[in-house]
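Take a look at the structure below.
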Amino acid sequence: MPGTRAAAYTLTVTRDPVPTDGGARRDPAGARGDGAPSTGTAPLERPTASERTVARDASAALPDSVPILVVGAGQAGLSVGYHLLRRGLEPAGDFLIVDRGPGAGGAWQHRWDTLRLGDAHRIADLPGMGETGRSFDSAPTEPPAAVVVGDYYARYEDAFALDVARPVDVTDVRTDADGTFVVSTADARADVRTRVLVAAVGTWGSPRLPDVPGVEDFRGRQIVTPEFRSPADFAGLRVAIVGGGASALGFLREVSPVATGVRWFTRRPPAFSDPAKGLSEDLGRESVRLQDEAARAGRELPSIVSTTGMPLTPRLRALRDAGLLERSPMFARVVTDGVVHADGTFEPFDAIIWAIGFHADLGPLRSLGLDARRGVRVADGHALDVPGLFLAGYGPQASTISANRGARRIARDAQRYLSDGRWPPAR
Ligand SMILES: Cc1cc2nc3c(=O)[nH]c(=O)nc-3n(C[C@H](O)[C@H](O)[C@H](O)COP(=O)(O)OP(=O)(O)OC[C@H]3O[C@@H](n4cnc5c(N)ncnc54)[C@H](O)[C@@H]3O)c2cc1C
């Protein structure tokens, strides 16, 4: 993340977050990329859906128009696809799902190899996933989460013939005089026109960038969460980890054993919750309420972890017992070879990992006047100021379980809007 931060990030992650090994490491067939399972436990099979769609769609043209276009095939987009199917709509004819990723798995396919299912919270099953014979509750926790989720989503796409078109990178969306969306893609295929646009784009492509003074001056290694590849990249370094969420804690746990020293910085003292109670219902509800309130008012979304706290999992407890879960208050500025604390003292660092959260990845919607950093007025998945635009997985829907719930409503309302043109659709 040196020099021009946003540009560097855009080049290295937003356009192609897959590491430079040609994608073989992300082959959900196995970490070897040769179709063989990567571990002895619960072998995973080849991703039939992603394999088929990549091969087919590389040469296929997109349609000139489709009634409903879903951008993004992560948890939110696939859930919407499922509920559209349930309502009798046909993939490719009535709706089309596109995704810029090379394979199935949403953002998960791009996450670092040492991340395992169960490291953070729980991944809810996609609706109807039982029919594929898979459940995240019994998924293997030894292979990388990227591989497991990629495999499970691929099976899901295949089982329901969702026919995701990929890689298709939506770069711009405009409306014409009658409110039809005109959707442009990166590879200059013809524009696609649609009456209903479901942006299920997630947040992975839009990490928050640090605004601490001096960030540009730092001469060491500096990354944001989506750029993390392996703890080995930090071996022998003095590392500052910034952020109070699951990613920061995961980095703390993984980097501590190999680094010369690690310090953990957060703006506020972190709160931990009892994992035995899961994400307690009250906290979960309160978090969703705050997200919903901000979304309806068009304010920037609050951080989820500030409401829910982090579950103190056995792994984190071990970290605490080893004295590694000691948080330091946020430093005041960055200098070439370290940081300066609020009291003016200097502390040297070789690397800084900024795990400071994400915004919804709404860049392609900027022509419609939307900017997630300023806030977007969204209620029940409807972008209130843009008729026909749904934001799936946004705000109160930004977890796998709430994305599933929101998707049912979005599918229903998309169909209603197509038939009566009322915006926002009535309850
Ligand atoms: C490290 C980490 C761990 C997490 N762990 C959990 C957990 O344990 N449980 C949980 O519930 N949640 C977890 N989350 C949050 C989790 O990512 C979401 O709950 C969920 O997976 C998001 O699904 P989504 O469909 O909204 O987004 P994504 O999975 O990000 O999918 C969005 C899709 O849209 C595509 N896309 C984006 N922009 C474009 C474009 N312009 N054109 C075409 N395609 C586009 C992307 O390629 C991507 O496939 C975690 C998040 C992080 C960062």
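Following the order of the structure tokens, first chain is A, next is B, and so on, with residues numbered from 1 inside each chain and ligands from 1 in the order they appear.
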| field | Distance query Gly421 of chain A at most 10 Å, only C-alpha atoms, self and fewer than 4 positions along chain excluded, as number ranges by chain | value | A: 195, 387-388, 414-417, 425
Write to file, as an mmCIF file, in the first residue's frame, the residues of the selection just made, with C-alpha atoms.
data_model
loop_
_atom_site.group_PDB
_atom_site.id
_atom_site.type_symbol
_atom_site.label_atom_id
_atom_site.label_comp_id
_atom_site.auth_asym_id
_atom_site.auth_seq_id
_atom_site.Cartn_x
_atom_site.Cartn_y
_atom_site.Cartn_z
ATOM 1 C CA ARG A 195 -35.468 -2.423 -14.884
ATOM 2 C CA PRO A 387 -36.312 3.448 -8.082
ATOM 3 C CA GLY A 388 -35.592 -0.162 -9.011
ATOM 4 C CA ALA A 414 -38.325 -6.916 -7.294
ATOM 5 C CA GLN A 415 -41.167 -8.858 -8.841
ATOM 6 C CA ARG A 416 -43.731 -6.384 -7.488
ATOM 7 C CA TYR A 417 -41.823 -3.389 -8.804
ATOM 8 C CA PRO A 425 -42.517 -1.282 -2.922
#
| query | Which residues sit within 7 Å of ligand 1, counting only C-alpha atoms and all ligand atoms, listed as a ChimeraX atom specification? | reply | /A:71-77,98-101,105-108,111,117-124,168-171,200-205,246-247,361,364,392-394,398-401,403
Take the selection from the previous step and output its residues with N, CA and C atoms, as a tab-separated table (two decimals), in the first residue's frame.
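The resulting selection.tsv:
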chain	number	residue	atom	x	y	z
A	71	VAL	N	-25.98	-8.18	-9.33
A	71	VAL	CA	-24.52	-8.02	-9.42
A	71	VAL	C	-23.91	-8.57	-8.14
A	72	GLY	N	-23.20	-9.69	-8.26
A	72	GLY	CA	-22.57	-10.29	-7.09
A	72	GLY	C	-23.15	-11.66	-6.79
A	73	ALA	N	-22.29	-12.65	-6.68
A	73	ALA	CA	-22.73	-14.01	-6.38
A	73	ALA	C	-22.13	-14.49	-5.07
A	74	GLY	N	-22.14	-13.60	-4.07
A	74	GLY	CA	-21.80	-14.03	-2.71
A	74	GLY	C	-23.06	-14.51	-2.03
A	75	GLN	N	-23.01	-14.54	-0.71
A	75	GLN	CA	-24.16	-15.03	0.06
A	75	GLN	C	-25.44	-14.24	-0.30
A	76	ALA	N	-25.30	-12.92	-0.42
A	76	ALA	CA	-26.49	-12.10	-0.66
A	76	ALA	C	-27.04	-12.34	-2.07
A	77	GLY	N	-26.18	-12.32	-3.08
A	77	GLY	CA	-26.66	-12.47	-4.46
A	77	GLY	C	-27.23	-13.86	-4.72
A	98	VAL	N	-24.44	-11.86	-12.26
A	98	VAL	CA	-23.08	-11.73	-12.78
A	98	VAL	C	-22.13	-11.51	-11.61
A	99	ASP	N	-20.88	-11.90	-11.80
A	99	ASP	CA	-19.87	-11.71	-10.74
A	99	ASP	C	-18.51	-11.51	-11.39
A	100	ARG	N	-17.72	-10.63	-10.80
A	100	ARG	CA	-16.40	-10.37	-11.38
A	100	ARG	C	-15.33	-11.35	-10.91
A	101	GLY	N	-15.64	-12.16	-9.91
A	101	GLY	CA	-14.65	-13.12	-9.40
A	101	GLY	C	-14.40	-14.22	-10.41
A	105	GLY	N	-17.79	-18.50	-4.63
A	105	GLY	CA	-17.30	-18.27	-3.26
A	105	GLY	C	-17.43	-16.84	-2.78
A	106	GLY	N	-17.93	-15.93	-3.62
A	106	GLY	CA	-18.02	-14.53	-3.19
A	106	GLY	C	-16.67	-14.05	-2.69
A	107	ALA	N	-16.68	-13.20	-1.69
A	107	ALA	CA	-15.41	-12.67	-1.17
A	107	ALA	C	-14.56	-13.76	-0.53
A	108	TRP	N	-15.20	-14.82	-0.09
A	108	TRP	CA	-14.45	-15.87	0.61
A	108	TRP	C	-13.34	-16.44	-0.24
A	111	ARG	N	-10.00	-14.77	0.35
A	111	ARG	CA	-9.41	-14.60	1.69
A	111	ARG	C	-8.20	-15.50	1.88
A	117	LEU	N	-12.94	-21.80	8.55
A	117	LEU	CA	-14.31	-21.63	9.02
A	117	LEU	C	-14.28	-21.77	10.53
A	118	GLY	N	-15.07	-20.94	11.19
A	118	GLY	CA	-15.09	-20.99	12.66
A	118	GLY	C	-14.10	-20.04	13.28
A	119	ASP	N	-13.22	-19.43	12.47
A	119	ASP	CA	-12.27	-18.47	13.04
A	119	ASP	C	-12.99	-17.22	13.52
A	120	ALA	N	-14.01	-16.81	12.79
A	120	ALA	CA	-14.72	-15.59	13.18
A	120	ALA	C	-16.07	-15.98	13.79
A	121	HIS	N	-17.12	-15.80	13.05
A	121	HIS	CA	-18.42	-16.13	13.60
A	121	HIS	C	-18.89	-17.43	12.94
A	122	ARG	N	-20.15	-17.49	12.64
A	122	ARG	CA	-20.69	-18.68	12.01
A	122	ARG	C	-21.17	-18.28	10.62
A	123	ILE	N	-21.01	-19.17	9.66
A	123	ILE	CA	-21.58	-18.88	8.34
A	123	ILE	C	-22.92	-19.60	8.26
A	124	ALA	N	-23.96	-18.83	8.02
A	124	ALA	CA	-25.27	-19.44	7.88
A	124	ALA	C	-25.36	-20.15	6.53
A	168	VAL	N	-17.55	-11.14	-14.88
A	168	VAL	CA	-18.18	-9.94	-15.44
A	168	VAL	C	-18.07	-8.84	-14.39
A	169	ASP	N	-17.28	-7.83	-14.69
A	169	ASP	CA	-16.99	-6.76	-13.74
A	169	ASP	C	-17.83	-5.53	-14.10
A	170	VAL	N	-18.82	-5.24	-13.30
A	170	VAL	CA	-19.67	-4.07	-13.55
A	170	VAL	C	-18.92	-2.82	-13.12
A	171	THR	N	-18.74	-1.90	-14.04
A	171	THR	CA	-17.92	-0.72	-13.74
A	171	THR	C	-18.74	0.56	-13.61
A	200	ALA	N	-25.51	-6.72	-5.04
A	200	ALA	CA	-25.16	-7.63	-3.93
A	200	ALA	C	-23.64	-7.73	-3.92
A	201	VAL	N	-23.00	-6.57	-3.85
A	201	VAL	CA	-21.58	-6.45	-4.15
A	201	VAL	C	-20.66	-6.64	-2.95
A	202	GLY	N	-21.22	-6.73	-1.76
A	202	GLY	CA	-20.39	-6.94	-0.57
A	202	GLY	C	-19.50	-5.74	-0.28
A	203	THR	N	-18.43	-6.01	0.47
A	203	THR	CA	-17.55	-4.93	0.94
A	203	THR	C	-16.07	-5.18	0.63
A	204	TRP	N	-15.76	-6.39	0.19
A	204	TRP	CA	-14.35	-6.80	0.09
A	204	TRP	C	-13.51	-5.87	-0.78
A	205	GLY	N	-14.14	-5.34	-1.83
A	205	GLY	CA	-13.40	-4.48	-2.75
A	205	GLY	C	-13.27	-3.04	-2.26
A	246	ALA	N	-12.79	-8.94	13.85
A	246	ALA	CA	-12.36	-10.33	13.69
A	246	ALA	C	-11.07	-10.44	12.88
A	247	SER	N	-10.94	-9.60	11.85
A	247	SER	CA	-9.74	-9.72	11.02
A	247	SER	C	-8.50	-9.34	11.82
A	361	ASP	N	-19.21	-1.83	-1.36
A	361	ASP	CA	-18.41	-1.60	-2.57
A	361	ASP	C	-19.29	-1.01	-3.69
A	364	PRO	N	-19.32	1.29	-8.59
A	364	PRO	CA	-20.00	1.34	-9.89
A	364	PRO	C	-21.31	2.13	-9.86
A	392	ALA	N	-28.61	-5.57	-1.69
A	392	ALA	CA	-28.71	-6.81	-0.91
A	392	ALA	C	-27.42	-6.98	-0.11
A	393	GLY	N	-27.56	-7.38	1.15
A	393	GLY	CA	-26.38	-7.58	1.99
A	393	GLY	C	-25.85	-6.27	2.57
A	394	TYR	N	-26.63	-5.20	2.47
A	394	TYR	CA	-26.17	-3.88	2.93
A	394	TYR	C	-26.70	-3.60	4.33
A	398	ALA	N	-25.94	-7.26	6.46
A	398	ALA	CA	-24.52	-7.58	6.21
A	398	ALA	C	-23.98	-8.69	7.08
A	399	SER	N	-24.67	-9.79	7.17
A	399	SER	CA	-24.07	-11.01	7.71
A	399	SER	C	-24.72	-12.13	6.92
A	400	THR	N	-24.14	-13.30	6.97
A	400	THR	CA	-24.69	-14.36	6.13
A	400	THR	C	-26.13	-14.67	6.52
A	401	ILE	N	-26.44	-14.61	7.82
A	401	ILE	CA	-27.81	-14.97	8.22
A	401	ILE	C	-28.81	-13.88	7.82
A	403	ALA	N	-28.40	-11.68	5.43
A	403	ALA	CA	-28.47	-11.59	3.96
A	403	ALA	C	-29.53	-12.58	3.46
| What lies within 6 Å of segment 207-218 of chain A using only C-alpha atoms, ignoring chain neighbours under 6 positions off, as a ChimeraX atom specification? | /A:3,333-336,357-358
Expected file contents, prior selection, N, CA and C atoms, as a PDB file, in the first residue's frame:
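Saved file part_36.pdb follows:
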ATOM      1  N   GLY A   3       2.837   4.758  -1.200  1.00  0.00           N
ATOM      2  CA  GLY A   3       2.569   5.925  -2.033  1.00  0.00           C
ATOM      3  C   GLY A   3       1.092   6.228  -2.163  1.00  0.00           C
ATOM      4  N   ARG A 333       0.380   9.391  15.029  1.00  0.00           N
ATOM      5  CA  ARG A 333       0.768   9.532  13.619  1.00  0.00           C
ATOM      6  C   ARG A 333       1.798   8.483  13.242  1.00  0.00           C
ATOM      7  N   VAL A 334       1.954   8.347  11.936  1.00  0.00           N
ATOM      8  CA  VAL A 334       2.921   7.398  11.385  1.00  0.00           C
ATOM      9  C   VAL A 334       4.108   8.212  10.889  1.00  0.00           C
ATOM     10  N   VAL A 335       5.326   7.670  11.097  1.00  0.00           N
ATOM     11  CA  VAL A 335       6.524   8.302  10.523  1.00  0.00           C
ATOM     12  C   VAL A 335       7.237   7.255   9.675  1.00  0.00           C
ATOM     13  N   THR A 336       8.369   7.597   9.097  1.00  0.00           N
ATOM     14  CA  THR A 336       8.988   6.695   8.116  1.00  0.00           C
ATOM     15  C   THR A 336       9.244   5.287   8.656  1.00  0.00           C
ATOM     16  N   GLY A 357     -11.811  -2.265   8.802  1.00  0.00           N
ATOM     17  CA  GLY A 357     -13.187  -2.377   8.324  1.00  0.00           C
ATOM     18  C   GLY A 357     -13.350  -2.055   6.849  1.00  0.00           C
ATOM     19  N   PHE A 358     -14.591  -1.994   6.465  1.00  0.00           N
ATOM     20  CA  PHE A 358     -14.944  -1.898   5.042  1.00  0.00           C
ATOM     21  C   PHE A 358     -16.133  -0.961   4.850  1.00  0.00           C
TER      22      PHE A 358
END
| Atomic separation - atom CA of Leu126 of chain A relative to atom CA of Ala154 of chain A, Å |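 Atom-to-atom, atom CA of Ala154 of chain A and atom CA of Leu126 of chain A are spaced 11.8 Å apart.
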Contacts of Leu324 of chain A at 8 Å (only C-alpha atoms; same-chain gap of 5+ positions) as a compact mmCIF listing (two decimals) with N, CA and C atoms, in the first residue's frame:
# COMPACT_ATOMS: atom_id res chain seq x y z
N LEU A 252 -3.55 -10.97 14.58
CA LEU A 252 -2.78 -10.98 15.83
C LEU A 252 -2.39 -12.42 16.18
N SER A 256 1.63 -13.24 15.40
CA SER A 256 2.44 -13.22 16.64
C SER A 256 3.52 -14.31 16.69
N LEU A 319 -4.71 -16.88 23.22
CA LEU A 319 -3.91 -15.68 22.93
C LEU A 319 -3.85 -14.78 24.17
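The alpha helix (DSSP H) portion of segment 132-221 of chain A consists of Ala145, Ala146, Val147, Val148, Val149, Gly150, Asp151, Tyr152, Tyr153, Ala154, Arg155, Tyr156, Glu157, Asp158 and Ala159 of chain A, with states taken from DSSP on the backbone.
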| task | Between A:Gly338, A:Gly406, A:Gly323, A:Gly250, single out the one closest to Leu78 of chain A, counting only C-alpha atoms. | result | A:Gly406
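We find atom CA of Asp343 of chain A and atom CA of Arg219 of chain A to be spaced 22.6 Å apart.
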